[in-house]
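Q: Compact mmCIF, C-alpha atoms, saved as protein.txt, coming up:
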# COMPACT_ATOMS: atom_id res chain seq x y z
CA MET A 1 115.47 81.08 53.02
CA ALA A 2 115.45 83.12 49.83
CA TYR A 3 117.17 82.27 46.58
CA VAL A 4 120.74 83.22 45.74
CA ILE A 5 122.38 84.02 42.37
CA VAL A 6 125.99 82.92 41.90
CA ASP A 7 128.80 84.09 39.60
CA THR A 8 127.89 81.93 36.63
CA CYS A 9 125.09 84.47 35.99
CA THR A 10 125.28 86.00 32.50
CA LYS A 11 122.82 88.84 33.17
CA ASP A 12 120.38 87.65 30.52
CA LEU A 13 117.53 89.02 32.69
CA LEU A 14 115.13 86.12 32.17
CA CYS A 15 114.86 85.76 35.96
CA VAL A 16 113.90 89.42 36.23
CA GLU A 17 111.16 88.80 33.71
CA ALA A 18 109.81 85.81 35.65
CA CYS A 19 109.97 87.31 39.16
CA PRO A 20 106.51 88.26 40.51
CA VAL A 21 107.87 90.64 43.18
CA ASP A 22 110.66 92.51 41.33
CA CYS A 23 113.36 91.46 43.80
CA ILE A 24 116.17 90.83 41.26
CA HIS A 25 118.48 93.68 40.29
CA PRO A 26 120.21 95.51 38.69
CA LYS A 27 117.80 95.62 35.76
CA GLN A 28 118.87 96.75 32.31
CA ASP A 29 117.62 100.31 32.79
CA GLU A 30 119.33 100.73 36.16
CA ALA A 31 122.55 102.71 36.52
CA ASP A 32 124.83 99.93 37.71
CA PHE A 33 123.68 97.26 35.26
CA GLU A 34 126.74 97.53 33.03
CA ALA A 35 129.20 97.59 35.93
CA ALA A 36 127.64 94.76 37.93
CA ALA A 37 129.32 91.39 37.46
CA GLN A 38 126.02 89.55 37.93
CA LEU A 39 122.41 89.97 39.11
CA PHE A 40 121.45 89.69 42.77
CA ILE A 41 118.33 88.68 44.73
CA ASP A 42 117.13 90.84 47.63
CA PRO A 43 116.84 88.25 50.42
CA GLU A 44 114.20 90.20 52.33
CA ALA A 45 111.98 90.89 49.34
CA CYS A 46 112.23 87.38 47.84
CA ILE A 47 109.09 85.29 48.49
CA ASP A 48 110.83 81.95 47.83
CA CYS A 49 108.55 81.11 44.93
CA GLY A 50 111.33 79.73 42.73
CA ALA A 51 109.95 81.17 39.47
CA CYS A 52 113.46 82.37 38.55
CA VAL A 53 115.10 78.94 38.74
CA PRO A 54 113.73 77.12 35.69
CA VAL A 55 114.13 80.11 33.36
CA CYS A 56 117.81 80.64 34.17
CA PRO A 57 119.82 79.36 31.17
CA THR A 58 123.01 78.95 33.21
CA ASN A 59 121.61 77.23 36.35
CA SER A 60 122.93 80.06 38.46
CA ILE A 61 120.11 80.33 40.99
CA PHE A 62 119.95 78.19 44.13
CA ILE A 63 117.72 78.08 47.16
CA LEU A 64 119.88 78.99 50.14
CA GLU A 65 119.80 75.50 51.65
CA GLU A 66 121.13 73.98 48.43
CA LEU A 67 123.82 76.52 47.67
CA PRO A 68 126.99 74.58 46.67
CA ALA A 69 129.73 74.81 49.29
CA ASP A 70 132.11 76.55 46.90
CA LYS A 71 129.45 79.21 46.26
CA ALA A 72 128.55 79.83 49.91
CA ASP A 73 129.92 83.39 49.79
CA PHE A 74 127.23 84.44 47.36
CA ALA A 75 124.46 84.45 49.96
CA GLY A 76 126.31 87.33 51.61
CA GLN A 77 127.10 88.98 48.28
CA ASN A 78 123.44 89.00 47.23
CA ALA A 79 122.43 90.55 50.56
CA ALA A 80 125.33 93.03 50.45
CA TYR A 81 124.19 94.38 47.09
CA TYR A 82 121.05 95.59 48.89
CA GLY A 83 123.01 96.88 51.88
CA LYS A 84 121.77 94.03 54.05
CA MET U 1 106.11 63.60 42.30
CA PRO U 2 106.54 63.73 38.53
CA VAL U 3 103.58 61.34 38.38
CA LEU U 4 101.33 63.70 40.31
CA ALA U 5 102.46 66.69 38.26
CA HIS U 6 101.72 64.68 35.11
CA VAL U 7 98.23 63.73 36.30
CA LEU U 8 97.47 67.37 37.05
CA ALA U 9 98.83 68.52 33.70
CA GLU U 10 96.23 66.26 32.07
CA ASN U 11 93.38 67.67 34.18
CA THR U 12 93.37 71.15 32.71
CA ARG U 13 91.69 73.41 30.24
CA GLU U 14 92.35 76.87 28.91
CA GLY U 15 91.73 79.45 31.61
CA ALA U 16 90.01 82.82 31.59
CA LEU U 17 92.19 84.91 33.90
CA TRP U 18 95.21 85.70 31.74
CA GLU U 19 96.43 87.74 28.76
CA PRO U 20 99.50 87.84 26.53
CA LEU U 21 102.33 89.91 28.02
CA ASP U 22 104.94 89.96 25.25
CA SER U 23 106.15 87.59 22.57
CA ARG U 24 107.49 85.09 25.11
CA ARG U 25 105.31 85.50 28.19
CA ILE U 26 101.71 85.55 29.34
CA ARG U 27 100.42 87.07 32.58
CA CYS U 28 98.08 85.18 34.90
CA TYR U 29 95.56 87.23 36.90
CA ALA U 30 94.14 84.53 39.15
CA CYS U 31 95.92 85.95 42.17
CA ALA U 32 97.97 88.94 43.25
CA HIS U 33 101.23 87.33 42.14
CA GLY U 34 100.20 88.23 38.59
CA CYS U 35 102.85 85.78 37.41
CA PRO U 36 104.63 86.56 34.16
CA ILE U 37 104.93 83.02 32.78
CA PHE U 38 107.30 81.84 30.07
CA GLU U 39 106.34 79.12 27.59
CA GLY U 40 106.36 75.71 29.24
CA GLN U 41 106.53 77.11 32.76
CA PRO U 42 103.99 77.14 35.60
CA GLY U 43 103.12 80.11 37.77
CA VAL U 44 104.05 80.32 41.45
CA CYS U 45 101.09 78.01 42.28
CA LYS U 46 102.55 75.33 39.98
CA VAL U 47 99.08 74.38 38.70
CA ARG U 48 98.50 77.13 36.12
CA PHE U 49 100.92 77.01 33.21
CA ASN U 50 101.79 78.40 29.82
CA ARG U 51 101.44 75.87 27.03
CA GLY U 52 101.76 77.19 23.50
CA GLY U 53 101.19 80.78 24.60
CA LYS U 54 97.93 80.02 26.41
CA LEU U 55 97.26 79.62 30.12
CA TYR U 56 96.02 76.19 31.17
CA VAL U 57 94.32 75.85 34.56
CA PRO U 58 93.10 73.02 36.83
CA TRP U 59 89.93 71.30 35.73
CA GLY U 60 87.85 68.20 36.28
CA TYR U 61 88.99 66.75 39.61
CA VAL U 62 88.77 67.10 43.36
CA ALA U 63 91.46 66.23 45.89
CA GLY U 64 88.89 66.14 48.66
CA ALA U 65 85.15 66.69 49.14
CA HIS U 66 83.27 66.59 52.44
CA CYS U 67 80.12 67.95 53.99
CA ASP U 68 81.03 70.15 56.96
CA PRO U 69 79.13 72.50 59.24
CA ILE U 70 79.41 76.06 57.92
CA GLU U 71 80.93 76.89 61.33
CA LYS U 72 84.02 74.88 60.36
CA LYS U 73 84.96 77.10 57.40
CA PRO U 74 84.55 79.24 59.56
CA PHE U 75 81.57 81.41 58.66
CA PHE U 76 79.62 82.41 61.78
CA HIS U 77 77.28 84.92 60.15
CA VAL U 78 76.03 82.65 57.37
CA ARG U 79 73.03 80.38 57.98
CA PRO U 80 74.22 79.00 61.32
CA GLY U 81 73.99 75.24 61.48
CA ALA U 82 73.78 74.77 57.70
CA ALA U 83 75.72 72.03 55.94
CA ALA U 84 78.46 73.32 53.65
CA PHE U 85 79.63 70.94 50.95
CA SER U 86 83.36 71.59 50.69
CA PHE U 87 85.63 70.70 47.81
CA GLY U 88 89.28 71.34 47.08
CA MET U 89 91.92 70.77 44.44
CA LEU U 90 95.71 70.70 44.82
CA GLY U 91 98.35 73.39 45.20
CA CYS U 92 98.70 76.85 46.68
CA ASN U 93 100.14 80.22 45.74
CA LEU U 94 101.72 80.52 49.22
CA HIS U 95 103.84 78.12 51.31
CA CYS U 96 103.08 78.86 54.97
CA PRO U 97 105.12 76.69 57.33
CA PHE U 98 102.12 76.50 59.70
CA CYS U 99 99.68 75.29 57.02
CA GLN U 100 96.93 73.13 58.50
CA ASN U 101 96.04 71.63 55.09
CA TRP U 102 99.52 71.07 53.70
CA VAL U 103 98.80 67.59 52.34
CA THR U 104 96.68 69.19 49.64
CA SER U 105 98.16 72.68 49.45
CA GLN U 106 101.82 71.67 49.11
CA ALA U 107 101.31 68.54 47.00
CA LEU U 108 103.35 70.00 44.16
CA ARG U 109 106.18 71.37 46.30
CA ASP U 110 106.66 68.83 49.05
CA PRO U 111 107.18 65.15 48.18
CA ARG U 112 105.74 64.15 51.61
CA ALA U 113 102.37 65.67 50.71
CA MET U 114 100.21 63.22 48.79
CA SER U 115 96.52 63.57 48.12
CA PRO U 116 95.54 61.86 44.89
CA PRO U 117 93.05 63.62 42.64
CA LEU U 118 89.66 62.07 41.82
CA ALA U 119 87.88 62.84 38.55
CA ALA U 120 84.72 64.91 39.02
CA SER U 121 82.39 67.18 37.06
CA PRO U 122 80.65 70.32 38.34
CA ALA U 123 77.29 68.55 38.00
CA GLU U 124 78.49 65.58 40.07
CA ILE U 125 79.82 67.84 42.81
CA VAL U 126 76.58 69.79 43.03
CA ARG U 127 74.47 66.63 42.92
CA ARG U 128 76.46 65.19 45.83
CA ALA U 129 76.06 68.44 47.77
CA LEU U 130 72.30 68.33 47.28
CA GLU U 131 72.10 64.63 48.24
CA LEU U 132 73.81 65.49 51.52
CA GLY U 133 71.42 68.34 52.23
CA ALA U 134 73.96 71.13 51.84
CA GLU U 135 72.71 74.72 51.51
CA ILE U 136 76.17 76.07 50.76
CA ILE U 137 79.04 74.92 48.55
CA VAL U 138 82.57 76.03 49.35
CA SER U 139 85.89 75.85 47.53
CA THR U 140 88.40 75.18 50.31
CA TYR U 141 91.23 72.87 51.54
CA ASN U 142 93.66 74.40 49.05
CA GLU U 143 93.71 77.97 47.70
CA PRO U 144 90.57 78.46 45.59
CA LEU U 145 91.91 81.47 43.67
CA ILE U 146 94.33 79.28 41.71
CA SER U 147 91.39 77.28 40.35
CA ALA U 148 88.92 80.17 40.06
CA GLU U 149 87.64 79.04 36.64
CA TRP U 150 86.76 75.60 38.01
CA ALA U 151 85.08 77.15 41.05
CA VAL U 152 82.93 79.32 38.81
CA ALA U 153 81.92 76.27 36.76
CA VAL U 154 80.82 74.51 39.96
CA PHE U 155 79.15 77.65 41.34
CA GLU U 156 77.14 78.21 38.15
CA GLN U 157 75.51 74.82 38.69
CA ALA U 158 75.21 75.38 42.45
CA ARG U 159 73.44 78.70 42.00
CA SER U 160 70.91 77.16 39.66
CA HIS U 161 69.93 74.88 42.56
CA GLY U 162 69.69 77.75 45.02
CA LEU U 163 72.92 77.07 46.89
CA LEU U 164 75.09 79.80 48.39
CA THR U 165 78.73 79.70 47.25
CA GLY U 166 81.90 80.40 49.20
CA PHE U 167 85.69 80.72 49.09
CA VAL U 168 88.00 79.87 51.98
CA SER U 169 91.05 81.76 50.79
CA ASN U 170 94.27 83.47 51.77
CA GLY U 171 92.85 86.60 50.15
CA TYR U 172 95.86 87.06 47.86
CA ALA U 173 93.45 88.13 45.16
CA GLY U 174 93.46 91.03 42.78
CA PRO U 175 90.74 93.24 41.29
CA ARG U 176 90.48 91.18 38.12
CA ALA U 177 89.96 87.89 39.93
CA LEU U 178 87.37 89.44 42.23
CA GLU U 179 85.54 90.97 39.29
CA TYR U 180 85.54 87.56 37.59
CA LEU U 181 84.10 85.92 40.73
CA ARG U 182 81.61 88.65 41.49
CA GLY U 183 78.63 87.15 39.70
CA TRP U 184 79.06 83.69 41.19
CA LEU U 185 80.52 83.97 44.66
CA ASP U 186 78.56 84.94 47.80
CA LEU U 187 80.89 84.31 50.72
CA TYR U 188 84.58 85.08 51.09
CA LYS U 189 86.74 84.06 54.03
CA VAL U 190 90.20 85.65 54.11
CA ASP U 191 93.17 84.58 56.22
CA LEU U 192 94.99 87.69 57.34
CA LYS U 193 98.10 85.97 58.59
CA CYS U 194 100.13 88.83 60.07
CA PHE U 195 100.64 92.54 59.58
CA ASP U 196 104.27 92.65 58.52
CA ASP U 197 105.35 92.62 54.89
CA ARG U 198 108.72 91.02 55.60
CA ARG U 199 107.12 88.09 57.39
CA TYR U 200 104.39 87.79 54.74
CA ARG U 201 107.17 87.31 52.19
CA LYS U 202 108.44 84.32 54.15
CA LEU U 203 105.00 82.79 53.56
CA GLY U 204 105.36 83.54 49.85
CA ALA U 205 103.31 86.72 49.44
CA ARG U 206 103.19 90.45 50.11
CA LEU U 207 101.02 92.11 52.74
CA GLN U 208 99.57 95.00 50.75
CA PRO U 209 97.62 92.98 48.15
CA VAL U 210 95.92 91.07 50.97
CA LEU U 211 94.87 94.33 52.63
CA ASP U 212 93.71 95.77 49.30
CA SER U 213 91.70 92.62 48.62
CA ILE U 214 90.03 92.67 52.03
CA ARG U 215 88.87 96.22 51.39
CA LEU U 216 87.71 95.37 47.89
CA ILE U 217 85.91 92.17 48.90
CA HIS U 218 83.96 94.20 51.45
CA GLU U 219 83.23 97.05 49.05
CA MET U 220 82.11 94.70 46.26
CA GLY U 221 79.48 93.20 48.52
CA PHE U 222 80.78 89.68 49.05
CA TRP U 223 80.01 88.50 52.59
CA LEU U 224 83.44 88.69 54.26
CA GLU U 225 84.77 87.06 57.41
CA VAL U 226 88.45 87.22 58.37
CA VAL U 227 90.52 84.64 60.23
CA THR U 228 93.87 85.12 61.92
CA LEU U 229 95.56 81.91 63.00
CA VAL U 230 97.38 83.10 66.12
CA VAL U 231 100.81 81.44 66.09
CA PRO U 232 102.97 81.93 69.21
CA GLY U 233 106.08 83.93 68.39
CA PHE U 234 104.91 84.67 64.84
CA ASN U 235 101.98 87.09 65.15
CA ASP U 236 100.78 87.06 68.78
CA SER U 237 102.19 90.36 70.05
CA ASP U 238 99.74 93.02 71.28
CA ASP U 239 101.10 95.40 68.67
CA GLU U 240 100.63 93.05 65.73
CA LEU U 241 97.15 91.87 66.76
CA GLY U 242 96.20 95.49 67.39
CA ARG U 243 97.28 96.55 63.91
CA ILE U 244 95.32 93.70 62.30
CA ALA U 245 92.19 94.52 64.30
CA GLY U 246 92.60 98.25 63.69
CA PHE U 247 92.84 97.73 59.96
CA LEU U 248 89.73 95.52 59.86
CA ALA U 249 87.71 97.91 62.03
CA GLY U 250 88.75 100.68 59.64
CA VAL U 251 87.27 98.74 56.72
CA SER U 252 84.13 97.88 58.70
CA PRO U 253 83.48 97.14 62.39
CA ASP U 254 80.89 94.62 61.16
CA ILE U 255 83.51 92.23 59.69
CA PRO U 256 83.59 89.12 61.91
CA TRP U 257 87.17 88.40 63.04
CA HIS U 258 88.05 84.85 64.06
CA VAL U 259 91.21 84.48 66.12
CA THR U 260 92.00 80.80 66.02
CA ALA U 261 94.42 78.56 67.87
CA PHE U 262 97.43 77.03 66.13
CA HIS U 263 98.13 73.33 66.58
CA ARG U 264 101.61 72.00 65.90
CA ASN U 265 101.77 71.01 62.27
CA TYR U 266 103.86 70.76 59.14
CA LYS U 267 107.11 72.70 59.35
CA MET U 268 106.32 74.36 62.68
CA ASP U 269 106.24 71.30 64.91
CA ASP U 270 108.53 72.93 67.47
CA THR U 271 106.24 75.91 68.05
CA ARG U 272 103.95 75.56 71.06
CA ASP U 273 100.17 75.38 70.62
CA THR U 274 98.31 78.65 71.15
CA PRO U 275 97.18 78.82 74.79
CA PRO U 276 93.60 79.95 75.64
CA GLU U 277 94.94 83.09 77.36
CA THR U 278 96.49 84.25 74.09
CA LEU U 279 93.21 83.81 72.22
CA ALA U 280 91.32 85.65 74.96
CA ARG U 281 93.85 88.48 74.74
CA ALA U 282 93.55 88.62 70.94
CA ALA U 283 89.77 88.75 71.17
CA GLN U 284 89.93 91.57 73.69
CA ILE U 285 92.28 93.49 71.39
CA GLY U 286 89.79 93.03 68.56
CA ARG U 287 86.87 94.35 70.58
CA ARG U 288 88.91 97.32 71.83
CA ALA U 289 89.75 98.17 68.23
CA GLY U 290 86.03 98.49 67.60
CA LEU U 291 85.22 95.15 65.99
CA ARG U 292 81.72 94.07 67.01
CA TYR U 293 81.97 90.37 66.26
CA VAL U 294 85.15 88.68 67.44
CA TYR U 295 85.35 84.91 67.84
CA SER U 296 87.86 82.56 69.44
CA GLY U 297 88.29 79.38 67.45
CA ASN U 298 89.90 75.91 67.53
CA LEU U 299 89.61 75.60 71.34
CA PRO U 300 85.94 74.66 71.90
CA GLY U 301 84.61 75.86 75.22
CA ALA U 302 88.00 77.13 76.42
CA ILE U 303 87.09 80.81 76.39
CA GLY U 304 83.77 81.59 78.05
CA GLY U 305 81.38 83.00 75.47
CA GLY U 306 84.21 83.35 72.95
CA GLU U 307 82.32 81.46 70.27
CA ASP U 308 78.99 83.22 70.77
CA THR U 309 77.34 86.00 68.77
CA CYS U 310 76.04 88.88 70.86
CA CYS U 311 73.85 91.76 69.72
CA ALA U 312 75.95 94.85 68.98
CA GLY U 313 72.99 96.95 70.15
CA CYS U 314 71.89 95.59 73.52
CA GLY U 315 74.48 92.86 74.18
CA ALA U 316 71.95 89.99 74.27
CA ARG U 317 73.52 86.60 73.58
CA LEU U 318 71.83 85.58 70.32
CA ILE U 319 73.78 82.54 69.09
CA ARG U 320 75.57 80.18 71.46
CA ARG U 321 78.16 77.79 70.01
CA HIS U 322 80.51 75.07 71.18
CA GLY U 323 83.07 74.31 68.50
CA PHE U 324 81.05 73.72 65.33
CA ARG U 325 77.82 73.06 67.24
CA VAL U 326 75.09 75.68 67.50
CA LEU U 327 73.55 75.35 70.97
CA ASP U 328 71.06 78.18 70.81
CA TYR U 329 69.76 80.51 68.08
CA ARG U 330 67.58 83.53 68.77
CA LEU U 331 67.78 85.78 65.69
CA THR U 332 64.52 86.74 64.04
CA ALA U 333 63.72 85.58 60.50
CA GLU U 334 65.05 88.94 59.30
CA GLY U 335 68.36 88.50 61.14
CA ARG U 336 67.53 90.94 63.91
CA CYS U 337 67.89 90.88 67.67
CA PRO U 338 64.50 89.88 69.14
CA GLN U 339 65.06 92.23 72.10
CA CYS U 340 66.15 95.51 70.51
CA SER U 341 65.56 94.87 66.77
CA GLN U 342 69.19 95.64 65.90
CA ALA U 343 69.99 94.11 62.49
CA LEU U 344 73.03 91.84 62.57
CA PRO U 345 75.26 91.76 59.49
CA GLY U 346 75.37 88.44 57.68
CA ARG U 347 73.53 86.04 55.39
CA TRP U 348 70.98 84.63 57.79
CA ALA U 349 68.43 81.89 57.19
CA ALA U 350 64.75 82.68 57.67
CA ALA U 351 64.62 79.88 60.21
CA PHE U 352 67.23 77.93 62.15
CA ARG U 353 67.33 74.22 61.36
CA PRO U 354 68.98 71.98 63.96
CA GLN U 355 72.26 70.48 62.79
CA ARG U 356 72.47 66.86 61.76
CA GLY U 357 75.17 64.42 62.71
CA LEU U 358 76.91 66.57 65.30
Go through the file and emit its structure as structure tokens.
A:
Amino acid sequence: MAYVIVDTCTKDLLCVEACPVDCIHPKQDEADFEAAAQLFIDPEACIDCGACVPVCPTNSIFILEELPADKADFAGQNAAYYGK
Amino acid sequence: MPVLAHVLAENTREGALWEPLDSRRIRCYACAHGCPIFEGQPGVCKVRFNRGGKLYVPWGYVAGAHCDPIEKKPFFHVRPGAAAFSFGMLGCNLHCPFCQNWVTSQALRDPRAMSPPLAASPAEIVRRALELGAEIIVSTYNEPLISAEWAVAVFEQARSHGLLTGFVSNGYAGPRALEYLRGWLDLYKVDLKCFDDRRYRKLGARLQPVLDSIRLIHEMGFWLEVVTLVVPGFNDSDDELGRIAGFLAGVSPDIPWHVTAFHRNYKMDDTRDTPPETLARAAQIGRRAGLRYVYSGNLPGAIGGGEDTCCAGCGARLIRRHGFRVLDYRLTAEGRCPQCSQALPGRWAAAFRPQRGL
């Protein structure tokens, strides 16, 4: 399962502040924050709690099973950010 | 579903296990998630939420209440044969696909799960427990940590009537919750579900806080028993069972370990039921790791002697059980073996009273 962030993400970091297991990066104090186009969820660290979803102001976070077809690539992109 | 969520939102009061985090968030300490919760949002459990910068928690209802044998919780080293009045609320901080109580635990996540709440007060719950002859009162059926304040309110009344109090929990606690419960809780059953962090995350939690809590529950003097539901293909390898047993024996060889059989349920209806041979193997692994009290559960009579308590000193069979029934009880009033005087760990009754209604 795991949740997936797609390219409408505006890096406002509210999801990072709601996540109980710190599985969303890059955070503001991390080296690649400025360069990264969006935030990503580590699919192996995510506990599927969904706390990030309601706080996202741009509706950019989906559970894998409900990822829109035109955003399907982002499951791989989230995993790839973590080398997975 | 919105209706149920609305009903639960009404049945709340301000909680104790939280503090402000920053100008927009509060942090809940009821469980190891330690959720940072924004205004208007719930925590992972979906029953504790931030309203106006304060944490509101479940209050004033039960989703189920029954009188069960204490053996069903299961506690095997607590007043064998005693009646345990068991109450639960709704919701959980995990989402295990093999949940055996999903109708109550997943009520706020899964629209198929429906278990309507009934209004109740702590005094009414305790009065009902006493009417039914219970010696023990247990918060169970859903995860008790997420309604710890309510449990303490019930336990305060229960204690004043001389009842023992218990939690049947996934053990995803933290030091602050355990400290809060310390004065009111006697018995703590933890589900240690596997020994792999990656798989624990698929259930909605991390492994390490469960291990830390097991150690702390033991050190703080709660009476602890641990259950592992043995699910084929999930946690039934020799290596995994060995690591679970080794960890528990390292905390204390006196912790009873229940290895229990999985029955097809909820989202794992294509997994086969746990065969008796697997439970017998798990029990043997537990004993080899040094655990003195290992029990096979959920398959009454299937594993010879697997439900019995034997003296760790001389090996005498001191309590014989079949499922939740106690067939024979030989401990002394002090909880010792009558043959060799070895003291057995537990919360024993001065005298065994035959079970009713079984």
Q: Once you count all atoms listed in the file, what closest atom pair and distance in Å to one decimal does each residue of chain U within 10 Å of chain A have, with rows by chain and rising residue number, as a tab-separated table?
A:
residue	atom	partner	partner_atom	distance
U:Arg25	CA	A:Glu17	CA	8.7
U:Arg27	CA	A:Ala18	CA	10.0
U:Ala32	CA	A:Pro20	CA	9.0
U:His33	CA	A:Pro20	CA	5.6
U:Gly34	CA	A:Pro20	CA	6.6
U:Cys35	CA	A:Pro20	CA	5.4
U:Pro36	CA	A:Ala18	CA	5.4
U:Ile37	CA	A:Ala18	CA	6.3
U:Phe38	CA	A:Ala18	CA	7.3
U:Glu39	CA	A:Val55	CA	9.7
U:Gly40	CA	A:Val55	CA	9.8
U:Gln41	CA	A:Pro54	CA	7.8
U:Pro42	CA	A:Ala51	CA	8.2
U:Gly43	CA	A:Ala51	CA	7.1
U:Val44	CA	A:Cys49	CA	5.7
U:Cys45	CA	A:Cys49	CA	8.5
U:Lys46	CA	A:Ala51	CA	9.4
U:Asn93	CA	A:Cys49	CA	8.5
U:Leu94	CA	A:Cys49	CA	8.1
U:His95	CA	A:Cys49	CA	8.5
U:Asp197	CA	A:Ala45	CA	8.8
U:Arg198	CA	A:Glu44	CA	6.4
U:Arg199	CA	A:Glu44	CA	9.0
U:Tyr200	CA	A:Ile47	CA	8.2
U:Arg201	CA	A:Ile47	CA	4.6
U:Lys202	CA	A:Ile47	CA	5.8
U:Leu203	CA	A:Ile47	CA	7.0
U:Gly204	CA	A:Ile47	CA	4.3
U:Ala205	CA	A:Ile47	CA	6.0
U:Arg206	CA	A:Ile47	CA	8.0
Q: Rank nothing, just name the residue among U:Thr271, U:Leu145, U:Pro80, U:Ala177 nearest to Leu331 of chain U, using all atoms listed in the file.
A: U:Pro80
Q: Quick one: everything within 8 Å of Asn78 of chain A, counting only C-alpha atoms, minus sequence neighbours fewer than 6 positions away in the same chain. Send it as a ChimeraX atom specification.
A: /A:4-5,40-43
Q: Just to confirm, what's the straight-line distance from atom CA of Val57 of chain U to atom CA of Pro175 of chain U in Å (one decimal)?
A: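 Interatomic distance, atom CA of Val57 of chain U to atom CA of Pro175 of chain U: 19.0 Å.
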Q: Per residue of segment 147-172 of chain U within 12 Å of segment 97-118 of chain U, which atom pair is closest and at what distance in Å (one decimal), using only C-alpha atoms, listed by chain and increasing number, as a Markdown table?
A:
| residue | atom | partner | partner_atom | distance |
| --- | --- | --- | --- | --- |
| U:Val168 | CA | U:Asn101 | CA | 11.9 |
| U:Ser169 | CA | U:Ser105 | CA | 11.6 |
| U:Asn170 | CA | U:Cys99 | CA | 11.1 |
Q: Compile the contact shell of Ala75 of chain A as a PyMOL selection string: residues with an atom at most 9 Å away, counting all atoms listed in the file, same-chain residues fewer than 2 positions apart removed.
A: chain A and resi 3-6+43+64+67+71-73+77-80
Q: Quick one: residues within 10 Å of (90.1, 75.8, 75.3) (file frame), counting only C-alpha atoms, please, as a list in words.
A: Ala261, Thr274, Pro275, Pro276, Glu277, Leu279, Ala280, Ser296, Gly297, Asn298, Leu299, Pro300, Gly301, Ala302, Ile303, Gly304, Gly306 and Gly323 of chain U
Q: Skipping near chain neighbours, those fewer than 3 positions away, what residues fall within 6 Å of segment 283-291 of chain U using only C-alpha atoms, listed as an NGL selection string?
A: :U and (242 or 245-246 or 249 or 253 or 280 or 294)
